[in-house]
>>> print(open('start-v3.txt').read())   # compact mmCIF, C-alpha atoms
# COMPACT_ATOMS: atom_id res chain seq x y z
CA MET G 1142 -24.76 5.86 -7.39
CA MET G 1143 -21.34 6.22 -8.97
CA ASP G 1144 -21.31 8.90 -11.64
CA VAL G 1145 -19.15 7.68 -14.52
CA SER G 1146 -18.89 10.08 -17.43
CA PHE G 1147 -16.04 10.14 -19.91
CA GLY G 1148 -15.31 12.95 -22.31
CA PRO G 1149 -14.05 12.24 -25.83
CA ASP G 1150 -10.44 12.71 -24.71
CA GLU G 1151 -10.71 10.24 -21.82
CA GLN G 1152 -12.35 7.64 -24.08
CA ILE G 1153 -9.18 7.65 -26.20
CA LEU G 1154 -6.48 8.36 -23.63
CA TRP G 1155 -7.42 5.74 -21.02
CA PRO G 1156 -7.46 2.67 -23.32
CA ALA G 1157 -4.38 4.01 -25.12
CA SER G 1158 -2.48 4.44 -21.86
CA VAL G 1159 -3.34 0.90 -20.74
CA LEU G 1160 -2.26 -0.60 -24.08
CA ALA G 1161 0.92 1.50 -24.07
CA GLY G 1162 1.73 0.36 -20.56
CA VAL G 1163 1.26 -3.30 -21.49
CA ALA G 1164 3.41 -2.84 -24.60
CA MET G 1165 6.17 -1.19 -22.57
CA CYS G 1166 6.10 -4.00 -20.01
CA ALA G 1167 6.38 -6.57 -22.80
CA ALA G 1168 9.31 -4.65 -24.28
CA VAL G 1169 11.09 -4.51 -20.90
CA TYR G 1170 10.45 -8.23 -20.43
CA ASP G 1171 12.14 -9.06 -23.73
CA LEU G 1172 14.96 -6.59 -23.11
CA THR G 1173 15.63 -8.10 -19.69
CA ARG G 1174 15.72 -11.57 -21.18
CA HIS G 1175 18.29 -10.61 -23.82
CA VAL G 1176 20.49 -8.50 -21.53
CA SER G 1177 20.45 -11.05 -18.71
CA SER G 1178 21.28 -13.96 -21.01
CA ARG G 1179 24.28 -12.06 -22.37
CA TYR G 1180 25.71 -10.45 -19.24
CA SER G 1181 24.55 -12.55 -16.27
CA LYS G 1182 26.16 -15.92 -15.56
CA SER G 1183 23.54 -16.68 -12.91
CA TYR G 1184 20.70 -16.20 -15.41
CA ASN G 1185 22.03 -18.77 -17.86
CA GLY G 1186 22.14 -21.40 -15.13
CA LEU G 1187 18.46 -21.00 -14.20
CA ASN G 1188 15.65 -23.32 -15.18
CA ASP G 1189 12.91 -22.04 -17.49
CA MET G 1190 10.49 -21.12 -14.67
CA HIS G 1191 13.10 -19.13 -12.79
CA LYS G 1192 14.00 -17.30 -16.00
CA VAL G 1193 10.36 -16.31 -16.45
CA GLU G 1194 10.22 -14.95 -12.89
CA TRP G 1195 13.60 -13.23 -13.32
CA ASN G 1196 12.30 -11.35 -16.38
CA ASN G 1197 8.91 -10.65 -14.83
CA ARG G 1198 10.36 -9.04 -11.69
CA ASP G 1199 11.57 -6.07 -13.73
CA LEU G 1200 7.94 -5.20 -14.40
CA PHE G 1201 7.27 -4.05 -10.84
CA GLY G 1202 4.35 -1.75 -10.18
CA TYR G 1203 2.23 -2.61 -13.19
CA PHE G 1204 -0.57 -4.66 -11.67
CA LEU G 1205 -2.32 -5.76 -14.85
CA THR G 1206 0.76 -7.27 -16.46
CA ASP G 1207 1.99 -8.81 -13.25
CA LEU G 1208 -1.43 -10.28 -12.47
CA ALA G 1209 -1.65 -11.74 -15.97
CA MET G 1210 1.73 -13.44 -15.53
CA ILE G 1211 0.75 -14.79 -12.08
CA LEU G 1212 -2.51 -16.21 -13.47
CA TRP G 1213 -0.80 -17.72 -16.50
CA TYR G 1214 1.83 -19.53 -14.42
CA PHE G 1215 -0.26 -19.99 -11.26
CA PRO G 1216 0.83 -20.89 -8.65
CA ARG G 1217 4.51 -20.90 -9.60
CA LEU G 1218 4.91 -17.08 -9.64
CA GLY G 1219 2.78 -16.46 -6.57
CA GLY G 1220 0.00 -17.98 -4.52
CA LYS G 1221 -3.49 -16.86 -3.54
CA GLU G 1222 -2.16 -13.98 -1.43
CA TYR G 1223 -0.65 -12.36 -4.53
CA LEU G 1224 -3.90 -12.77 -6.45
CA LEU G 1225 -5.77 -11.14 -3.56
CA HIS G 1226 -3.27 -8.27 -3.29
CA HIS G 1227 -3.22 -7.54 -7.03
CA GLY G 1228 -6.94 -8.04 -7.44
CA LEU G 1229 -7.83 -5.62 -4.64
CA SER G 1230 -5.29 -3.09 -5.90
CA ILE G 1231 -6.65 -3.18 -9.47
CA TYR G 1232 -10.21 -2.95 -8.14
CA ALA G 1233 -9.42 0.09 -5.96
CA ILE G 1234 -7.47 1.89 -8.69
CA SER G 1235 -10.19 1.23 -11.28
CA LEU G 1236 -12.92 2.42 -8.93
CA ALA G 1237 -11.03 5.65 -8.18
CA LEU G 1238 -10.36 6.33 -11.86
CA LEU G 1239 -13.92 5.64 -12.94
CA SER G 1240 -15.50 7.68 -10.14
CA GLY G 1241 -12.93 10.47 -9.82
CA LYS G 1242 -13.02 9.97 -6.04
CA GLY G 1243 -10.43 8.91 -3.48
CA HIS G 1244 -7.33 9.74 -5.52
CA PHE G 1245 -5.48 10.90 -2.41
CA TYR G 1246 -5.90 7.51 -0.78
CA ILE G 1247 -5.03 5.66 -3.99
CA LEU G 1248 -1.77 7.59 -4.27
CA MET G 1249 -0.86 6.61 -0.71
CA VAL G 1250 -1.54 2.95 -1.50
CA LEU G 1251 0.50 3.15 -4.72
CA PHE G 1252 3.40 4.65 -2.78
CA THR G 1253 3.72 1.34 -0.93
CA GLU G 1254 5.06 -0.15 -4.18
CA ALA G 1255 8.27 1.81 -3.57
CA THR G 1256 9.47 -1.27 -1.65
CA THR G 1257 9.22 -3.52 -4.72
CA PRO G 1258 12.77 -2.92 -6.04
CA PHE G 1259 14.21 -4.08 -2.70
CA VAL G 1260 12.01 -7.21 -2.76
CA ASN G 1261 13.10 -8.00 -6.30
CA LEU G 1262 16.79 -7.41 -5.60
CA ARG G 1263 16.58 -9.73 -2.60
CA TRP G 1264 15.11 -12.41 -4.85
CA TYR G 1265 17.81 -11.90 -7.49
CA LEU G 1266 20.62 -12.14 -4.95
CA ASP G 1267 19.10 -15.21 -3.33
CA LEU G 1268 18.78 -17.01 -6.65
CA ALA G 1269 22.30 -15.97 -7.66
CA GLY G 1270 23.70 -17.56 -4.49
CA ARG G 1271 24.76 -14.27 -2.92
CA LYS G 1272 22.88 -14.46 0.37
CA GLY G 1273 26.18 -14.08 2.20
CA SER G 1274 27.15 -10.85 0.43
CA LYS G 1275 27.15 -7.39 1.99
CA LEU G 1276 24.78 -6.22 -0.75
CA TYR G 1277 22.22 -8.80 0.41
CA LEU G 1278 22.60 -7.58 3.98
CA TYR G 1279 22.31 -3.88 3.10
CA ASN G 1280 19.37 -4.52 0.80
CA GLY G 1281 17.64 -6.43 3.59
CA LEU G 1282 18.07 -3.49 5.94
CA ALA G 1283 16.76 -1.11 3.27
CA LEU G 1284 13.78 -3.41 2.71
CA PHE G 1285 13.04 -3.46 6.44
CA VAL G 1286 13.15 0.34 6.75
CA GLY G 1287 11.28 0.91 3.49
CA TRP G 1288 8.55 -1.56 4.38
CA LEU G 1289 8.18 -0.08 7.86
CA VAL G 1290 7.77 3.44 6.45
CA ALA G 1291 5.86 2.79 3.22
CA ARG G 1292 3.63 -0.12 4.23
CA ILE G 1293 3.19 0.14 8.00
CA ILE G 1294 3.56 3.74 9.17
CA LEU G 1295 1.94 5.09 6.00
CA PHE G 1296 -1.14 2.96 6.61
CA VAL G 1297 -1.31 4.27 10.19
CA TYR G 1298 -1.44 7.78 8.71
CA PHE G 1299 -3.96 6.53 6.14
CA PHE G 1300 -6.40 5.31 8.80
CA ALA G 1301 -5.82 8.39 10.99
CA HIS G 1302 -6.59 10.68 8.05
CA MET G 1303 -9.68 8.66 7.22
CA TYR G 1304 -10.85 8.88 10.86
CA PHE G 1305 -10.42 12.65 11.10
CA HIS G 1306 -12.09 13.20 7.71
CA PHE G 1307 -14.77 10.56 8.06
CA ASP G 1308 -17.57 12.98 7.14
CA GLN G 1309 -15.96 13.48 3.73
CA VAL G 1310 -15.34 9.75 3.33
CA ARG G 1311 -18.96 9.02 4.14
CA SER G 1312 -20.15 11.50 1.51
CA VAL G 1313 -18.82 9.47 -1.44
CA PHE G 1314 -21.05 7.03 -3.33
CA PRO G 1315 -21.97 3.84 -1.38
CA LEU G 1316 -19.70 1.41 -3.25
CA GLY G 1317 -16.74 3.74 -2.81
CA PHE G 1318 -17.51 4.23 0.88
CA TYR G 1319 -17.70 0.53 1.68
CA SER G 1320 -14.64 -0.15 -0.46
CA ILE G 1321 -12.63 2.37 1.57
CA LEU G 1322 -13.77 0.64 4.75
CA THR G 1323 -12.79 -2.86 3.57
CA VAL G 1324 -9.97 -2.84 0.98
CA PRO G 1325 -7.32 -0.83 2.91
CA PRO G 1326 -7.63 -2.94 6.11
CA VAL G 1327 -7.15 -6.14 4.10
CA LEU G 1328 -4.08 -4.75 2.33
CA SER G 1329 -2.75 -3.42 5.61
CA LEU G 1330 -3.13 -6.83 7.27
CA MET G 1331 -1.29 -8.50 4.39
CA ASN G 1332 1.51 -5.94 4.63
CA LEU G 1333 1.78 -6.57 8.36
CA LEU G 1334 2.02 -10.35 7.90
CA TRP G 1335 4.69 -9.91 5.22
CA PHE G 1336 6.52 -7.48 7.50
CA LEU G 1337 6.71 -10.14 10.22
CA LYS G 1338 8.37 -12.47 7.70
CA ILE G 1339 10.80 -9.70 6.74
CA CYS G 1340 11.68 -9.17 10.41
CA LYS G 1341 12.35 -12.88 10.90
CA GLY G 1342 14.49 -12.96 7.77
CA MET G 1343 16.44 -9.87 8.83
CA VAL G 1344 17.14 -11.30 12.29
CA LYS G 1345 18.39 -14.52 10.69
CA THR G 1346 20.59 -12.64 8.22
CA LEU G 1347 22.08 -10.43 10.92
CA SER G 1348 22.77 -13.47 13.11
CA ILE G 1349 24.60 -15.22 10.28
CA ALA G 1350 26.59 -12.06 9.51
CA LYS G 1351 27.53 -11.73 13.18
CA GLN G 1352 28.67 -15.35 13.33
CA ARG G 1353 30.83 -14.92 10.25
CA ALA G 1354 32.38 -11.76 11.68
CA SER G 1355 33.24 -13.55 14.93
CA VAL G 1356 34.82 -16.44 13.02
CA LYS G 1357 37.02 -14.04 11.07
CA THR G 1358 38.05 -12.32 14.32
CA ASP G 1359 38.98 -15.61 15.93
>>> encode(input="start-v3.txt", output="structure tokens")
Amino acid sequence: MMDVSFGPDEQILWPASVLAGVAMCAAVYDLTRHVSSRYSKSYNGLNDMHKVEWNNRDLFGYFLTDLAMILWYFPRLGGKEYLLHHGLSIYAISLALLSGKGHFYILMVLFTEATTPFVNLRWYLDLAGRKGSKLYLYNGLALFVGWLVARIILFVYFFAHMYFHFDQVRSVFPLGFYSILTVPPVLSLMNLLWFLKICKGMVKTLSIAKQRASVKTD
């Protein structure tokens, strides 16, 4: 059984931290909307749905807020794969916090979100019509390297660590044990499929950049 016991401090701090995080995300959302409308020409030319996604992409890393936005506007901000990714992530984080187990693995999974700024910048540049810029190219390369390290190689280390410490993994409560065996492989498979799309996009971008360079040379 999972032993869940909260002291008086945790009973106050945990709900307060969640509410504070949601409030901060809402504040950043509004701030992004005002700043973008004043200083970004591309933003003012967007339709209402793109403006919502533009503002929402500054809230990277906070699964609850992002999941709420995806559900509210489903499927315009993301399809079933995003619901699965966010749902599994929230489940795993909640289980680790409630049980006090598996924090090392949760931190490794959370580290994969380091690639989110590159994903968001790529989306911004695409929507702003700057796919032919050097910034788009360099960001794509950074996204490729970051995804390879944070979402592919890191998961290889994750599974290797779990294999060599399987006796400790098996000693946790049953729900935690079976969750460790199922959730990370699903997230890893999703990361791998997305990585294949990133590779295809990078090859296409590099080919276009090479063609433009040859035209300028000629």
>>> closest_atom_pairs(input="start-v3.txt", of="region 1183-1247 of chain G", to="region 1306-1325 of chain G", cutoff="10 Å", atoms="only C-alpha atoms", output="JSON lines")
{"residue": "G:His1226", "atom": "CA", "partner": "G:Val1324", "partner_atom": "CA", "distance": 9.6}
{"residue": "G:Leu1229", "atom": "CA", "partner": "G:Val1324", "partner_atom": "CA", "distance": 6.6}
{"residue": "G:Ser1230", "atom": "CA", "partner": "G:Val1324", "partner_atom": "CA", "distance": 8.3}
{"residue": "G:Tyr1232", "atom": "CA", "partner": "G:Val1324", "partner_atom": "CA", "distance": 9.1}
{"residue": "G:Ala1233", "atom": "CA", "partner": "G:Val1324", "partner_atom": "CA", "distance": 7.6}
{"residue": "G:Leu1236", "atom": "CA", "partner": "G:Gly1317", "partner_atom": "CA", "distance": 7.3}
{"residue": "G:Ala1237", "atom": "CA", "partner": "G:Gly1317", "partner_atom": "CA", "distance": 8.1}
{"residue": "G:Ser1240", "atom": "CA", "partner": "G:Gly1317", "partner_atom": "CA", "distance": 8.4}
{"residue": "G:Lys1242", "atom": "CA", "partner": "G:Val1313", "partner_atom": "CA", "distance": 7.4}
{"residue": "G:Gly1243", "atom": "CA", "partner": "G:Gly1317", "partner_atom": "CA", "distance": 8.2}
{"residue": "G:Tyr1246", "atom": "CA", "partner": "G:Ile1321", "partner_atom": "CA", "distance": 8.8}
{"residue": "G:Ile1247", "atom": "CA", "partner": "G:Pro1325", "partner_atom": "CA", "distance": 9.7}
>>> atom_distance(input="start-v3.txt", atom1="CA of Asn1261 (chain G)", atom2="CA of Gly1219 (chain G)")
13.3 Å
>>> residues_around(input="start-v3.txt", residues="Tyr1265 (chain G)", least_positions_apart="3", cutoff="12 Å", atoms="all atoms listed in the file", output="ChimeraX atom specification")
/G:1177,1181,1183-1184,1187,1191-1192,1194-1199,1258-1262,1268-1272,1276-1277,1280
>>> write_last_selection(input="start-v3.txt", atoms="C-alpha atoms", output="PDB file, in the frame of the given file")
ATOM      1  CA  SER G1177      20.450 -11.050 -18.710  1.00  0.00           C
ATOM      2  CA  SER G1181      24.550 -12.550 -16.270  1.00  0.00           C
ATOM      3  CA  SER G1183      23.540 -16.680 -12.910  1.00  0.00           C
ATOM      4  CA  TYR G1184      20.700 -16.200 -15.410  1.00  0.00           C
ATOM      5  CA  LEU G1187      18.460 -21.000 -14.200  1.00  0.00           C
ATOM      6  CA  HIS G1191      13.100 -19.130 -12.790  1.00  0.00           C
ATOM      7  CA  LYS G1192      14.000 -17.300 -16.000  1.00  0.00           C
ATOM      8  CA  GLU G1194      10.220 -14.950 -12.890  1.00  0.00           C
ATOM      9  CA  TRP G1195      13.600 -13.230 -13.320  1.00  0.00           C
ATOM     10  CA  ASN G1196      12.300 -11.350 -16.380  1.00  0.00           C
ATOM     11  CA  ASN G1197       8.910 -10.650 -14.830  1.00  0.00           C
ATOM     12  CA  ARG G1198      10.360  -9.040 -11.690  1.00  0.00           C
ATOM     13  CA  ASP G1199      11.570  -6.070 -13.730  1.00  0.00           C
ATOM     14  CA  PRO G1258      12.770  -2.920  -6.040  1.00  0.00           C
ATOM     15  CA  PHE G1259      14.210  -4.080  -2.700  1.00  0.00           C
ATOM     16  CA  VAL G1260      12.010  -7.210  -2.760  1.00  0.00           C
ATOM     17  CA  ASN G1261      13.100  -8.000  -6.300  1.00  0.00           C
ATOM     18  CA  LEU G1262      16.790  -7.410  -5.600  1.00  0.00           C
ATOM     19  CA  LEU G1268      18.780 -17.010  -6.650  1.00  0.00           C
ATOM     20  CA  ALA G1269      22.300 -15.970  -7.660  1.00  0.00           C
ATOM     21  CA  GLY G1270      23.700 -17.560  -4.490  1.00  0.00           C
ATOM     22  CA  ARG G1271      24.760 -14.270  -2.920  1.00  0.00           C
ATOM     23  CA  LYS G1272      22.880 -14.460   0.370  1.00  0.00           C
ATOM     24  CA  LEU G1276      24.780  -6.220  -0.750  1.00  0.00           C
ATOM     25  CA  TYR G1277      22.220  -8.800   0.410  1.00  0.00           C
ATOM     26  CA  ASN G1280      19.370  -4.520   0.800  1.00  0.00           C
TER      27      ASN G1280
END
>>> closest_residue(input="start-v3.txt", among="G:Ile1234, G:Val1193, G:Ala1291, G:Ala1354", to="Ser1329 (chain G)", atoms="only C-alpha atoms")
G:Ala1291
>>> atom_distance(input="start-v3.txt", atom1="CA of His1175 (chain G)", atom2="CA of Met1190 (chain G)")
16.0 Å
>>> atom_distance(input="start-v3.txt", atom1="CA of Ile1294 (chain G)", atom2="CA of His1244 (chain G)")
19.2 Å
>>> closest_residue(input="start-v3.txt", among="G:Ile1231, G:Leu1295, G:Leu1172, G:Leu1239", to="Ala1255 (chain G)", atoms="all atoms listed in the file")
G:Leu1295
